[in-house]
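Asker: Handing over query-v6.cif, mmCIF, C-alpha atoms and all ligand atoms.
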```cif
data_final
#
loop_
_atom_site.group_PDB
_atom_site.id
_atom_site.type_symbol
_atom_site.label_atom_id
_atom_site.label_comp_id
_atom_site.auth_asym_id
_atom_site.auth_seq_id
_atom_site.Cartn_x
_atom_site.Cartn_y
_atom_site.Cartn_z
ATOM 1 C CA MET H 156 0.000 0.000 0.000
ATOM 2 C CA GLU H 157 1.200 3.450 -0.852
ATOM 3 C CA GLU H 158 2.290 5.786 1.965
ATOM 4 C CA LYS H 159 -0.002 8.738 2.266
ATOM 5 C CA PRO H 160 1.567 12.156 2.522
ATOM 6 C CA GLN H 161 2.527 12.946 6.074
ATOM 7 C CA THR H 162 0.539 16.132 6.501
ATOM 8 C CA ASN H 163 -3.155 16.741 7.172
ATOM 9 C CA LYS H 164 -5.183 18.136 4.276
ATOM 10 C CA LYS H 165 -7.687 19.745 6.593
ATOM 11 C CA GLU H 166 -7.660 20.837 10.198
ATOM 12 C CA ALA H 167 -7.191 17.880 12.517
ATOM 13 C CA LYS H 168 -7.079 17.206 16.219
ATOM 14 C CA CYS H 169 -3.751 16.229 17.699
ATOM 15 C CA GLY H 170 -3.646 12.634 18.915
ATOM 16 C CA ARG H 171 -1.607 13.689 21.917
ATOM 17 C CA CYS H 172 -2.767 17.087 23.209
ATOM 18 C CA SER H 173 -6.193 17.126 21.498
ATOM 19 C CA GLU H 174 -5.620 20.683 20.302
ATOM 20 C CA LYS H 175 -6.343 21.623 16.708
ATOM 21 C CA ILE H 176 -3.595 21.257 14.142
ATOM 22 C CA PRO H 177 -3.613 23.805 11.316
ATOM 23 C CA LYS H 178 -3.905 22.386 7.824
ATOM 24 C CA GLY H 179 -0.664 20.921 6.532
ATOM 25 C CA GLU H 180 1.154 20.940 9.879
ATOM 26 C CA GLY H 181 0.214 17.558 11.286
ATOM 27 C CA ILE H 182 2.464 14.533 11.321
ATOM 28 C CA LYS H 183 0.724 11.284 10.584
ATOM 29 C CA HIS H 184 1.298 8.130 12.560
ATOM 30 C CA SER H 185 -1.021 5.096 12.624
ATOM 31 C CA SER H 186 -3.946 7.016 11.124
ATOM 32 C CA ARG H 187 -3.696 9.866 13.641
ATOM 33 C CA TYR H 188 -2.165 13.302 13.315
ATOM 34 C CA TYR H 189 0.114 15.000 15.788
ATOM 35 C CA HIS H 190 1.697 18.397 16.185
ATOM 36 C CA GLU H 191 5.353 18.100 15.284
ATOM 37 C CA ASP H 192 6.445 18.787 18.869
ATOM 38 C CA CYS H 193 3.808 16.477 20.297
ATOM 39 C CA TYR H 194 4.946 13.746 17.946
ATOM 40 C CA LYS H 195 8.586 14.142 18.928
ATOM 41 C CA GLU H 196 7.675 14.068 22.595
ATOM 42 C CA TRP H 197 5.507 11.022 22.106
ATOM 43 C CA ARG H 198 8.258 9.208 20.171
ATOM 44 C CA GLY H 199 10.755 10.142 22.844
ATOM 45 C CA GLN H 200 8.525 8.643 25.487
ATOM 46 C CA ALA H 201 8.072 5.492 23.453
ATOM 47 C CA ASP H 202 11.862 5.164 23.323
ATOM 48 C CA ASP H 203 12.108 5.848 27.049
ATOM 49 C CA ARG H 204 9.524 3.167 27.743
ATOM 50 C CA THR H 205 11.446 0.635 25.687
ATOM 51 C CA GLN H 206 14.648 1.528 27.492
ATOM 52 C CA LEU H 207 12.984 1.275 30.895
ATOM 53 C CA ILE H 208 11.571 -2.155 30.118
ATOM 54 C CA GLU H 209 14.873 -3.380 28.715
ATOM 55 C CA PHE H 210 16.658 -2.144 31.794
ATOM 56 C CA ILE H 211 14.186 -3.931 34.082
ATOM 57 C CA MET H 212 14.546 -7.145 32.101
ATOM 58 C CA THR H 213 18.322 -6.986 32.468
ATOM 59 C CA LEU H 214 18.100 -6.058 36.129
ATOM 60 C CA LEU H 215 15.671 -8.824 37.037
ATOM 61 C CA ASP H 216 17.074 -11.275 34.520
ATOM 62 C CA LEU H 217 13.814 -11.677 32.640
ATOM 63 C CA LYS H 218 13.328 -12.725 29.043
ATOM 64 C CA LYS H 219 10.219 -10.587 28.788
ATOM 65 C CA PRO H 220 8.493 -8.172 31.103
ATOM 66 C CA THR H 221 5.820 -9.687 33.328
ATOM 67 C CA GLY H 222 2.238 -8.418 33.316
ATOM 68 C CA MET H 223 2.781 -7.309 36.889
ATOM 69 C CA ILE H 224 5.692 -5.111 35.925
ATOM 70 C CA LEU H 225 3.853 -3.562 32.980
ATOM 71 C CA MET H 226 0.900 -2.864 35.254
ATOM 72 C CA GLN H 227 3.113 -1.257 37.858
ATOM 73 C CA ILE H 228 4.765 0.954 35.250
ATOM 74 C CA LYS H 229 1.374 2.087 34.009
ATOM 75 C CA ARG H 230 0.099 2.695 37.516
ATOM 76 C CA PHE H 231 3.138 4.718 38.543
ATOM 77 C CA GLN H 232 2.719 6.788 35.423
ATOM 78 C CA ASP H 233 -1.034 7.324 35.744
ATOM 79 C CA GLU H 234 -1.304 7.750 39.491
ATOM 80 C CA PHE H 235 1.941 9.437 40.375
ATOM 81 C CA GLY H 236 2.846 11.114 37.098
ATOM 82 C CA TYR H 237 6.249 9.424 36.991
ATOM 83 C CA THR H 238 8.133 9.465 33.716
ATOM 84 C CA TYR H 239 9.669 6.371 32.131
ATOM 85 C CA LYS H 240 13.088 7.975 32.347
ATOM 86 C CA GLY H 241 12.530 8.840 35.994
ATOM 87 C CA MET H 242 11.555 5.258 36.794
ATOM 88 C CA GLU H 243 14.659 3.953 35.087
ATOM 89 C CA LEU H 244 16.848 6.432 36.945
ATOM 90 C CA SER H 245 15.202 5.419 40.224
ATOM 91 C CA LEU H 246 16.091 1.784 39.685
ATOM 92 C CA ARG H 247 19.618 2.658 38.578
ATOM 93 C CA TYR H 248 20.008 4.850 41.623
ATOM 94 C CA PHE H 249 18.744 2.194 44.004
ATOM 95 C CA HIS H 250 20.753 -0.676 42.578
ATOM 96 C CA GLU H 251 23.767 0.897 40.884
ATOM 97 C CA ILE H 252 24.520 3.933 43.030
ATOM 98 C CA LEU H 253 23.276 2.740 46.417
ATOM 99 C CA GLY H 254 24.346 -0.806 45.605
ATOM 100 C CA ASN H 255 21.194 -2.584 46.759
ATOM 101 C CA GLU H 256 20.929 -6.159 45.601
ATOM 102 C CA VAL H 257 17.980 -7.331 43.546
ATOM 103 C CA GLN H 258 15.753 -9.430 45.771
ATOM 104 C CA GLU H 259 14.587 -12.814 44.650
ATOM 105 C CA ASN H 260 11.119 -12.408 43.137
ATOM 106 C CA GLY H 261 11.893 -8.752 43.267
ATOM 107 C CA GLY H 262 9.967 -6.314 41.182
ATOM 108 C CA ILE H 263 9.883 -2.612 40.737
ATOM 109 C CA GLY H 264 7.675 -1.814 43.736
ATOM 110 C CA ILE H 265 10.546 0.128 45.294
ATOM 111 C CA ILE H 266 10.137 2.956 42.782
ATOM 112 C CA PRO H 267 7.560 5.108 44.644
ATOM 113 C CA TYR H 268 9.725 5.033 47.771
ATOM 114 C CA ILE H 269 12.802 6.358 46.063
ATOM 115 C CA TYR H 270 11.600 8.248 43.017
ATOM 116 C CA GLU H 271 11.851 11.793 44.331
ATOM 117 C CA ASP H 272 15.284 11.425 45.892
ATOM 118 C CA ALA H 273 16.555 9.232 43.127
ATOM 119 C CA THR H 274 15.656 11.435 40.227
ATOM 120 C CA ARG H 275 16.933 14.547 41.960
ATOM 121 C CA GLN H 276 20.180 13.024 43.097
ATOM 122 C CA TYR H 277 20.775 11.067 39.953
ATOM 123 C CA VAL H 278 20.441 14.145 37.811
ATOM 124 C CA GLN H 279 22.768 15.954 40.183
ATOM 125 C CA GLN H 280 25.300 13.142 39.998
ATOM 126 C CA MET H 281 25.132 13.090 36.204
ATOM 127 C CA LYS H 282 25.766 16.810 36.055
ATOM 128 C CA ILE H 283 28.727 16.441 38.370
ATOM 129 C CA ASN H 284 30.145 13.642 36.259
ATOM 130 C CA GLU H 285 29.788 15.812 33.192
ATOM 131 C CA ALA H 286 31.291 18.770 34.935
ATOM 132 C CA ALA H 287 34.183 16.640 36.189
ATOM 133 C CA GLN H 288 35.212 16.165 32.590
ATOM 134 C CA ASN H 289 35.501 19.881 32.253
ATOM 135 C CA GLU H 290 36.980 21.107 35.493
ATOM 136 C CA ASP H 291 37.059 24.722 34.469
ATOM 137 C CA ASN H 292 33.303 24.795 34.807
ATOM 138 C CA TYR H 293 33.251 24.876 38.550
ATOM 139 C CA LYS H 294 35.245 25.567 41.656
ATOM 140 C CA ASN H 295 37.023 22.956 43.760
ATOM 141 C CA GLU H 296 34.970 23.465 46.895
ATOM 142 C CA GLU H 297 31.796 22.747 44.991
ATOM 143 C CA ARG H 298 32.919 19.356 43.768
ATOM 144 C CA VAL H 299 31.233 17.452 46.570
ATOM 145 C CA VAL H 300 28.038 15.485 46.324
ATOM 146 C CA TYR H 301 26.187 14.233 49.326
ATOM 147 C CA ILE H 302 24.405 10.969 48.881
ATOM 148 C CA SER H 303 23.742 9.173 52.114
ATOM 149 C CA PRO H 304 22.931 5.439 52.115
ATOM 150 C CA LYS H 305 19.365 6.121 53.157
ATOM 151 C CA GLY H 306 18.812 8.330 50.182
ATOM 152 C CA GLN H 307 18.277 11.420 52.278
ATOM 153 C CA PRO H 308 20.257 14.443 51.173
ATOM 154 C CA LYS H 309 22.219 15.932 54.020
ATOM 155 C CA LYS H 310 21.412 19.474 54.910
ATOM 156 C CA ASN H 311 24.526 21.333 53.984
ATOM 157 C CA ASN H 312 24.887 24.738 52.499
ATOM 158 C CA LYS H 313 27.788 23.529 50.422
ATOM 159 C CA LEU H 314 25.445 21.424 48.329
ATOM 160 C CA ILE H 315 25.962 21.833 44.634
ATOM 161 C CA ASP H 316 24.036 24.616 43.040
ATOM 162 C CA ILE H 317 22.736 22.819 39.965
ATOM 163 C CA ASP H 318 22.081 26.053 38.117
ATOM 164 C CA ARG H 319 25.744 26.877 38.176
ATOM 165 C CA LEU H 320 26.966 23.638 36.669
HETATM 166 ZN ZN ZN J 1 -0.453 18.355 19.965
#
```
As structure tokens - that is how I would like this structure written.
Answerer:
Amino acid sequence: MEEKPQTNKKEAKCGRCSEKIPKGEGIKHSSRYYHEDCYKEWRGQADDRTQLIEFIMTLLDLKKPTGMILMQIKRFQDEFGYTYKGMELSLRYFHEILGNEVQENGGIGIIPYIYEDATRQYVQQMKINEAAQNEDNYKNEERVVYISPKGQPKKNNKLIDIDRL
């Protein structure tokens, strides 16, 4: 079957934000139209979801994601507004940075307990790692990150000012 042109011939509603798309500005995907930005965001999320699931499968040594895990991901997203990337970072934080072992029959139920701290501190850590490769970007006394084993940031006025990195 021949590919139809990718733009809408008349005004359409965006499949993501439900706002109107002016004629000729929609991007077609699976019989729906999207604003260009909405489409990119949606594709990005689809990629993030794939990456999250692949990470979980590696982490838990699964050949495919269980229904339970897919349900949990959906619930965390719908109920708590978590992003796929944030969920992945939470698990990386918990297991890779804090070094917690994966429990037998473990799942991803830990995410809501660590999400806020994990995403904040993980992003901070990433920025520090990046900055460490370019030492001129920041001063020596700021090159300290506080991550306590319990995931609670220590109150300390020397904490990194993210905006300055
Ligand atoms: Zn849109």
Asker: Name the residues, by chain letter and number, that sit within 8 Å of ligand ZN 1 (chain J) using only C-alpha atoms and all ligand atoms, and give them as JSON, numbers by chain.
Answerer: {"H": [168, 169, 170, 171, 172, 173, 174, 175, 176, 189, 190, 191, 192, 193, 194]}
Asker: Choose the residue, out of H:Phe210, H:Trp197, H:Phe235, H:Tyr248, that has the smallest atom-to-atom separation from Asp272 of chain H; count all atoms listed in the file.
Answerer: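 Of H:Phe210, H:Trp197, H:Phe235, H:Tyr248, the one nearest Asp272 of chain H is H:Tyr248, counting all atoms listed in the file.
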Asker: Could you list the residues chosen by the PyMOL selection byres (((chain H and resi 214) around 10) and not hetatm) in this structure as a PyMOL selection string?
Answerer: chain H and resi 208-213+215-217+246-247+250+256-257+261-262
Asker: Under the PyMOL selection byres (((chain H and resi 179) around 6) and not hetatm), which residues of this model are included? Write them out as a PyMOL selection string.
Answerer: chain H and resi 162-164+178+180-181
Asker: Taking the file as I've supplied it (selection: the PyMOL selection byres (((chain H and resi 225) around 12) and not hetatm)), which residues are included? Please answer as JSON, numbers by chain.
Answerer: {"H": [204, 205, 207, 208, 209, 211, 212, 219, 220, 221, 222, 223, 224, 226, 227, 228, 229, 230, 231, 232, 239, 262, 263, 264]}
Asker: Choose the residue, out of H:Glu259, H:Pro177, H:Lys240, H:Ile266, that has the smallest atom-to-atom separation from Val278 of chain H; count only C-alpha atoms.
Answerer: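 For Val278 of chain H, the nearest of the candidates is H:Lys240.
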Asker: Provide the atom CA of Glu271 of chain H to atom CA of Gly241 of chain H distance in Å, to one decimal place.
Answerer: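 One can read the atom CA of Glu271 of chain H to atom CA of Gly241 of chain H distance as 8.9 Å.
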Asker: To one decimal in Å, tell me the separation between atom CA of Tyr237 of chain H and atom CA of Gln280 of chain H.
Answerer: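 Going from atom CA of Tyr237 of chain H over to atom CA of Gln280 of chain H, I get 19.6 Å.
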Asker: Please measure the separation of atom CA of Asn284 of chain H and atom CA of Tyr268 of chain H, giving the value in Å to one decimal.
Answerer: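 One can read the atom CA of Asn284 of chain H to atom CA of Tyr268 of chain H distance as 25.0 Å.
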Asker: Please, what is the axis-aligned box for every listed atom of segment 251-261 of chain H with 5 Å on each side, as centre and edge lengths in Å to one decimal, as lines of an AutoDock Vina configuration file?
Answerer:
```
center_x = 17.8
center_y = -4.4
center_z = 43.8
size_x = 23.4
size_y = 26.7
size_z = 15.9
```
Asker: For Ala201 of chain H, which of H:Lys165, H:Ile283, H:Ser186, H:Thr238 is the closest residue, counting all atoms listed in the file?
Answerer: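 Ranking H:Lys165, H:Ile283, H:Ser186, H:Thr238 by distance to Ala201 of chain H, first place goes to H:Thr238.
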Asker: Rebuild segment 269-289 of chain H so that it carries N, CA and C atoms, then output the result as a short mmCIF file (atom, residue, chain, number, x, y, z; two decimals), keeping the file's coordinate frame.
Answerer:
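The new file out_18.cif reads:
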```cif
data_model
loop_
_atom_site.label_atom_id
_atom_site.label_comp_id
_atom_site.auth_asym_id
_atom_site.auth_seq_id
_atom_site.Cartn_x
_atom_site.Cartn_y
_atom_site.Cartn_z
N ILE H 269 11.50 5.74 46.33
CA ILE H 269 12.80 6.36 46.06
C ILE H 269 12.78 7.37 44.94
N TYR H 270 11.65 7.46 44.26
CA TYR H 270 11.60 8.25 43.02
C TYR H 270 12.09 9.68 43.18
N GLU H 271 11.54 10.37 44.19
CA GLU H 271 11.85 11.79 44.33
C GLU H 271 13.34 12.00 44.57
N ASP H 272 13.86 11.31 45.58
CA ASP H 272 15.28 11.42 45.89
C ASP H 272 16.14 10.97 44.73
N ALA H 273 15.73 9.85 44.16
CA ALA H 273 16.56 9.23 43.13
C ALA H 273 16.69 10.13 41.91
N THR H 274 15.57 10.63 41.44
CA THR H 274 15.66 11.44 40.23
C THR H 274 16.45 12.70 40.50
N ARG H 275 16.22 13.31 41.65
CA ARG H 275 16.93 14.55 41.96
C ARG H 275 18.44 14.28 42.08
N GLN H 276 18.77 13.27 42.85
CA GLN H 276 20.18 13.02 43.10
C GLN H 276 20.88 12.42 41.89
N TYR H 277 20.15 11.65 41.13
CA TYR H 277 20.78 11.07 39.95
C TYR H 277 21.13 12.15 38.94
N VAL H 278 20.19 13.04 38.74
CA VAL H 278 20.44 14.14 37.81
C VAL H 278 21.63 14.98 38.29
N GLN H 279 21.66 15.20 39.60
CA GLN H 279 22.77 15.95 40.18
C GLN H 279 24.10 15.24 39.95
N GLN H 280 24.09 13.94 40.19
CA GLN H 280 25.30 13.14 40.00
C GLN H 280 25.76 13.17 38.54
N MET H 281 24.79 13.05 37.62
CA MET H 281 25.13 13.09 36.20
C MET H 281 25.79 14.41 35.84
N LYS H 282 25.21 15.50 36.37
CA LYS H 282 25.77 16.81 36.06
C LYS H 282 27.17 16.95 36.61
N ILE H 283 27.40 16.37 37.77
CA ILE H 283 28.73 16.44 38.37
C ILE H 283 29.71 15.62 37.54
N ASN H 284 29.27 14.45 37.11
CA ASN H 284 30.14 13.64 36.26
C ASN H 284 30.52 14.39 34.98
N GLU H 285 29.52 15.03 34.40
CA GLU H 285 29.79 15.81 33.19
C GLU H 285 30.75 16.95 33.49
N ALA H 286 30.47 17.61 34.59
CA ALA H 286 31.29 18.77 34.94
C ALA H 286 32.72 18.33 35.25
N ALA H 287 32.86 17.12 35.82
CA ALA H 287 34.18 16.64 36.19
C ALA H 287 35.07 16.47 34.96
N GLN H 288 34.43 16.30 33.82
CA GLN H 288 35.21 16.16 32.59
C GLN H 288 35.64 17.53 32.05
N ASN H 289 35.12 18.53 32.67
CA ASN H 289 35.50 19.88 32.25
C ASN H 289 35.66 20.73 33.50
#
```
